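*Asks:* Mind having a look at this structure? Questions to follow.
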Amino acid sequence: MKRSNLSMLPFFFFFLLLTDGILLTARATSCSPKVEHDFLECLNFHSEPSQPISQALYFPTNSSYSSVLQFYMRNRRFNESTIPKPQLILTALHVSHIQAAVVCAKSHGLEMRIRSGGHDFEGVSYVSNAPFFILDMFNLRAINVSVEDETAWVEAGATLGEVYYRIAEKSNIHGFPGGMCPTVGVGGQISGGGFGNLIRKYGLAADNVIDATLVDAVVASWIGVNGEDLFWAINRRRRLQLRGSSCVQNQAC
Ligand SMILES: Cc1cc2nc3c(=O)[nH]c(=O)nc-3n(C[C@H](O)[C@H](O)[C@H](O)COP(=O)(O)OP(=O)(O)OC[C@H]3O[C@@H](n4cnc5c(N)ncnc54)[C@H](O)[C@@H]3O)c2cc1C
């Protein structure tokens, strides 16, 4: 049987637009009880009441804080005591927790660092010189493979190895052209392009994204059909295809 890949694989992708409006303030990394209280109130107010956000929060005073911080800290150099640590870690359990994080980061002048697999070489997903917190995606790692459609929805907190495993559970002739390292996160890899052993035939991981969900402060926006501009930002193949067809029509590129 001809070997094919699970091409055009969509993924549930929390691609948070962070740069605008997130304030950088003092360099202190400790958090006063009042700031902690106010921030918690803000998160509670802006998240879904049926999905208690308090269960997803780790402050430095919590006994699990260090282990949660270190679990996806793939470069342990950044665990040194001289390296700034987050004022809290939000291990989102629900989309509304992400929305609340974006809103409250802005209103409280905190920088937000998003971490999926934690493989960033420079530690940018869990280190900052400004007061910051981590939005950790590891709880949002569901993978739904449809061999019939040759597609899958993948949450950003899944690792590449988990994606390959779930595909292999359902088919021995399908795959996905992600990276070589199984513990790399889907969120960071695909947003950076993503190259692996199948690149010559199937291109980058990002080339095989056919739809995505972007979560910002207000809503989770479904893109692909309606949000063409947003989709262009993450899908190079589609961008080239569209540019190619416009070249044919206009006879100029
Ligand atoms: C050992 C090792 C092997 C590697 N092998 C490969 C390989 O074979 N092929 C390849 O292409 N690359 C490879 N890489 C590079 C890797 O793909 C990138 O470092 C990638 O950004 C890591 O993604 P992550 O989610 O694991 O990391 P993270 O540190 O969690 O995130 C990386 C960056 O993406 C941002 N980010 C993460 N999740 C989200 C999200 N949901 N929404 C918005 N932004 C987000 C983070 O804020 C950070 O800036 C490798 C890296 C390492 C350390």
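Identifiers in this document derive from the order of the structure tokens: chains are assigned A, B, ..., residues are numbered from 1 separately in each chain, and ligands are numbered from 1 in order of occurrence.
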Return as an MDAnalysis selection string every polymer residue, whether protein, DNA or RNA, with at least one atom no more than 7 Å from an atom of ligand 1; count only C-alpha atoms and all ligand atoms.
*Replies:* chainID A and resid 13:16 113:121 123:125 137 156:157 178:181 183:189 191:196
*Asks:* Under the rule that only C-alpha atoms are counted, which of A:Pro177, A:Leu90, A:Pro52, A:Met73 is the nearest residue to Arg200 (chain A)?
*Replies:*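 Selected residue with least distance to Arg200 (chain A): A:Pro177.
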*Asks:* What separation in Å, quoted to one decimal, exists between CA of Gln99 (chain A) and CA of His46 (chain A)?
*Replies:*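 Separation of CA of Gln99 (chain A) and CA of His46 (chain A): 7.4 Å.
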*Asks:* With distances taken over only C-alpha atoms, which residue among A:Leu88, A:Val209, A:Ile190, A:Val95 lies nearest Glu36 (chain A)?
*Replies:*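 Looking only at the distances to Glu36 (chain A), the closest residue turns out to be A:Leu88.
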*Asks:* Between A:Val154, A:Ala205, A:Ile134, A:Ile89, which has the minimum distance to Phe176 (chain A) (counting only C-alpha atoms)?
*Replies:* A:Ala205
*Asks:* How far is it from CA of Ser128 (chain A) to CA of His108 (chain A), in Å with one decimal?
*Replies:* 16.0 Å
*Asks:* Looking at only C-alpha atoms, which of A:Ala100, A:Val215, A:Ala168, A:Ile210 is the one that sits closest to Thr151 (chain A)?
*Replies:*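 Residue with the minimum atom-to-atom distance to Thr151 (chain A): A:Ile210.
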*Asks:* Separation of CA of Glu155 (chain A) and CA of Arg141 (chain A), in Å?
*Replies:*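 CA of Arg141 (chain A) lies at a distance of 4.7 Å from CA of Glu155 (chain A).
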